[in-house]
Amino acid sequence: MSLTRPAPARPEDARASRAFRARTLACSVTGAAVVALDGTVLTLAQPALQRDLHAGVAQVQWTGTGYLVAVASLLVLAGRLGDRHGHHRVFALGSLGFAAASAGVALAPGIGAVVLLRVLQGACGALLQPATLGMLRTAYPPDRLTGPVALRTGAIGLAAAAGPLLGGALVSAYGWRAVFLLGVPPTLAIGLLALTVREPRRPDRTAPRPLTAPPRARTGGDPLGALLLAGALGLLVHGLVTLPDPGAGGRAAATLAAATAAALLLVRHERRAPHPLLPPALLRSRAVAGGLAALLAASAALSGTLFVTTYFLQEVQRLDPFGAALRVLPLAVTMVLGAVLCPPLQRRLGPRGAALAGGALLTSGVLVLARLDAGSGAAATGLGAALVGAGFVTLMVTATATVVRHAPEEHAGVAGGLQQTAMNTGPVLGVATAALLLALVPGGGFVPAHGAALPALALLAALTLPAALALPPRADAPGEGAPRRRP
């Protein structure tokens with residue numbers, strides 16, 4: 001039996017590989033940042049949109065709810081499409097569709113058209129988001145993923161910080177339609193760039209390929225699984241969004257019950273499907289499960305805490321939106337700085353140690369904010385916000401890199417879809433929890449020190465600690481479901 005060594009890499013192959021990774025990283029970072037920016041600027045545009053289109057509050061709320069339901073329903077299916085047809089291709093489709101839908105919203109004549117186009121924008125965002133991680137998984141070796149993921153996370157933090165300031169300036173100067181035009185040029189540019197990206201030939205692929213087809217070509221579809229998952233996630237998000245509304249308790253409970261029923265049917269179907277939408281090897285990985293749980297709890301705690309803190313600063317301390325944004329600016333600063341420091345922190349402490357540190361910082365930050373009262377100053381708010389930002393970014397980079405690294409390459413899209421599902425469902429859960437607890441303490445709920453919302457969210461943040469224990473102790477620890485080197 002003879003062994004054939006891979007041909008040595010040629011200089012032109014090395015240059016092509018560097019160009020491929022640079023273009024992939026540009027698409028991934030820009031796509032993730034644009035989606036984050038779109039989510040933050042919309043909130044400031046809603047009051048002006050309502051006045052201009054003579055719409056009701058419930059109609060305007062559906063501009064956000066419709067988007068969230070569409071995104072949550074389709075993320076995993078979009079990841080599977082990327083696994084089967086190529087992440088760059090699916091990313092390009094999502095980016096170009098997102099640009100077209102954004103332009104359509106800016107030109108919409110009425111609130112009905114805005115809601116429909118926002119749902120379409122959510123569907124395109126669902127195609128775009130998992131591909132931002134799937135592309136990185138196919139472009140970088142597993143041991144070099146933390147740096148690109150950290151850069152992507154830093155861009156998200158920077159976009160989230162700039163969103164309120166930029167959105168307020170655009171709405172004040174040009175009206176709400178300018179907010180939706182903001183995302184058209186970058187998504188159009190990266191969509192066209194993704195269409196030009198071609199994966200370079202690798203030296204280990206010069207030998208004849210086996211007669212069996214690669215996993216992506218052999219994997220069949222699972223339309224029923226996709227439908228059940230979309231229904232379960234869509235009903236869950238819709239139920240959580242409507243739960244805090246006065247008088248909507250019965251309707252929300254029925255929606256959540258329907259989501260539970262759809263989830264149970266999904267579990268039963270996936271166990272019997274010959275080619276399940278959710279690969280068993282991926283779901284059995286402790287590292288993947290722990291990373292997803294940490295992301296869900298961390299994003300819920302962050303969003304719920306920001307929701308309560310924003311109301312406190314504006315309704316109790318009577319700050320204007322810009323002044324409130326300045327009070328919590330340390331959160332964005334530590335997110336950007338933390339994204340830079342996460343790769344060396346993981347090399348020193350390992351994924352488990354870094355995630356435990358992030359969970360401790362996040363929980364501490366929420367507890368600091370939970371002690372705020374009407375007389376609290378900017379220093380106390382800034383300290384709590386800085387701790388929350390540092391803890392969240394550490395958890396996000398570490399858990400995301402672990403999920404993507406421990407997913408087989410042929411399931412990178414599904415892993416990205418699950419990661420984005422956790423990151424999109426968590427905020428809905430956190431805000432719903434905060435809104436319910438604020439309503440239960442109407443006299444002092446807006447003052448964190450007198451309410452129950454932030455202490456409950458601190459407990460939610462603390463759930464990241466047991467989830468972190470499921471992560472591998474070292475970055476090179478394979479764990480279950482980890483990618484193996486190919487012969």
# chains A, B, ... in the order shown; residues from 1 in each chain; ligands from 1
call {"tool": "residues_around", "arguments": {"residues": "A:Thr63", "least_positions_apart": "6", "cutoff": "10 Å", "atoms": "only C-alpha atoms", "output": "list in words"}}
result
Leu42, Gln46, Ile111, Gly112, Ala113, Val114, Val115, Leu116, Leu117, Arg118 and Val119 of chain A
call {"tool": "residues_around", "arguments": {"residues": "stretch 413-428 of chain A", "least_positions_apart": "3", "cutoff": "8 Å", "atoms": "only C-alpha atoms", "output": "PyMOL selection string"}}
result
chain A and resi 68+71-72+75-83+87+129-134+237+240-241+278+282+292-293+295-304+400+403-404+407+410+431-432
call {"tool": "residues_around", "arguments": {"residues": "A:Ala178", "least_positions_apart": "4", "cutoff": "12 Å", "atoms": "only C-alpha atoms", "output": "list of chain:residue names"}}
result
A:Asp38, A:Val41, A:Leu42, A:Leu44, A:Ala45, A:Ala48, A:Leu49, A:Ser102, A:Ala103, A:Gly104, A:Val105, A:Ala106, A:Leu107, A:Leu166, A:Gly167, A:Gly168, A:Ala169, A:Leu170, A:Val171, A:Ser172, A:Ala173, A:Tyr174, A:Leu182, A:Gly183, A:Val184
call {"tool": "write_last_selection", "arguments": {"atoms": "N, CA and C atoms", "output": "compact mmCIF listing (two decimals), in the first residue's frame"}}
result
# COMPACT_ATOMS: atom_id res chain seq x y z
N ASP A 38 -28.84 47.98 11.70
CA ASP A 38 -30.25 48.09 11.33
C ASP A 38 -31.14 47.92 12.54
N VAL A 41 -30.90 51.27 14.92
CA VAL A 41 -31.40 52.55 14.43
C VAL A 41 -32.91 52.54 14.24
N LEU A 42 -33.52 51.35 14.08
CA LEU A 42 -34.96 51.29 13.82
C LEU A 42 -35.76 51.84 14.98
N LEU A 44 -35.26 54.23 17.04
CA LEU A 44 -35.36 55.68 17.03
C LEU A 44 -36.23 56.20 15.88
N ALA A 45 -36.38 55.40 14.82
CA ALA A 45 -37.16 55.83 13.66
C ALA A 45 -38.65 55.57 13.82
N ALA A 48 -41.27 58.64 14.42
CA ALA A 48 -41.43 59.46 13.21
C ALA A 48 -42.17 58.69 12.12
N LEU A 49 -41.90 57.40 11.98
CA LEU A 49 -42.60 56.56 11.00
C LEU A 49 -44.09 56.53 11.31
N SER A 102 -34.57 46.88 2.04
CA SER A 102 -34.33 48.15 2.73
C SER A 102 -34.72 49.34 1.86
N ALA A 103 -34.34 49.29 0.59
CA ALA A 103 -34.72 50.36 -0.33
C ALA A 103 -36.24 50.42 -0.49
N GLY A 104 -36.89 49.24 -0.52
CA GLY A 104 -38.34 49.21 -0.64
C GLY A 104 -39.03 49.84 0.55
N VAL A 105 -38.53 49.58 1.77
CA VAL A 105 -39.11 50.19 2.96
C VAL A 105 -38.98 51.71 2.89
N ALA A 106 -37.83 52.19 2.44
CA ALA A 106 -37.61 53.64 2.35
C ALA A 106 -38.57 54.30 1.37
N LEU A 107 -39.08 53.54 0.40
CA LEU A 107 -40.00 54.09 -0.60
C LEU A 107 -41.45 53.69 -0.37
N LEU A 166 -26.20 57.63 15.26
CA LEU A 166 -26.37 57.83 13.84
C LEU A 166 -27.84 57.89 13.46
N GLY A 167 -28.63 56.99 14.06
CA GLY A 167 -30.06 56.97 13.75
C GLY A 167 -30.74 58.27 14.17
N GLY A 168 -30.40 58.77 15.36
CA GLY A 168 -30.99 60.02 15.81
C GLY A 168 -30.65 61.18 14.89
N ALA A 169 -29.40 61.23 14.44
CA ALA A 169 -28.99 62.31 13.54
C ALA A 169 -29.72 62.21 12.19
N LEU A 170 -29.84 61.01 11.65
CA LEU A 170 -30.50 60.86 10.35
C LEU A 170 -31.99 61.18 10.43
N VAL A 171 -32.66 60.70 11.48
CA VAL A 171 -34.09 60.98 11.61
C VAL A 171 -34.32 62.47 11.79
N SER A 172 -33.48 63.12 12.58
CA SER A 172 -33.65 64.56 12.81
C SER A 172 -33.41 65.37 11.54
N ALA A 173 -32.43 64.97 10.73
CA ALA A 173 -32.06 65.76 9.55
C ALA A 173 -32.87 65.40 8.31
N TYR A 174 -33.14 64.09 8.11
CA TYR A 174 -33.72 63.67 6.83
C TYR A 174 -35.01 62.86 6.95
N LEU A 182 -29.72 53.72 4.80
CA LEU A 182 -28.37 53.63 5.33
C LEU A 182 -27.72 52.28 5.03
N GLY A 183 -28.49 51.21 5.09
CA GLY A 183 -27.91 49.88 4.91
C GLY A 183 -27.83 49.42 3.47
N VAL A 184 -28.36 50.18 2.53
CA VAL A 184 -28.40 49.73 1.13
C VAL A 184 -27.00 49.65 0.51
call {"tool": "atom_distance", "arguments": {"atom1": "atom CA of A:Gln50", "atom2": "atom CA of A:Pro244"}}
result
21.2 Å
call {"tool": "atom_distance", "arguments": {"atom1": "atom CA of A:Pro351", "atom2": "atom CA of A:Met335"}}
result
17.8 Å
call {"tool": "atom_distance", "arguments": {"atom1": "atom CA of A:Gly290", "atom2": "atom CA of A:Leu367"}}
result
23.4 Å
call {"tool": "closest_residue", "arguments": {"among": "A:Leu469, A:Ala401, A:Leu337, A:Leu37", "to": "A:Ile156", "atoms": "only C-alpha atoms"}}
result
A:Leu37
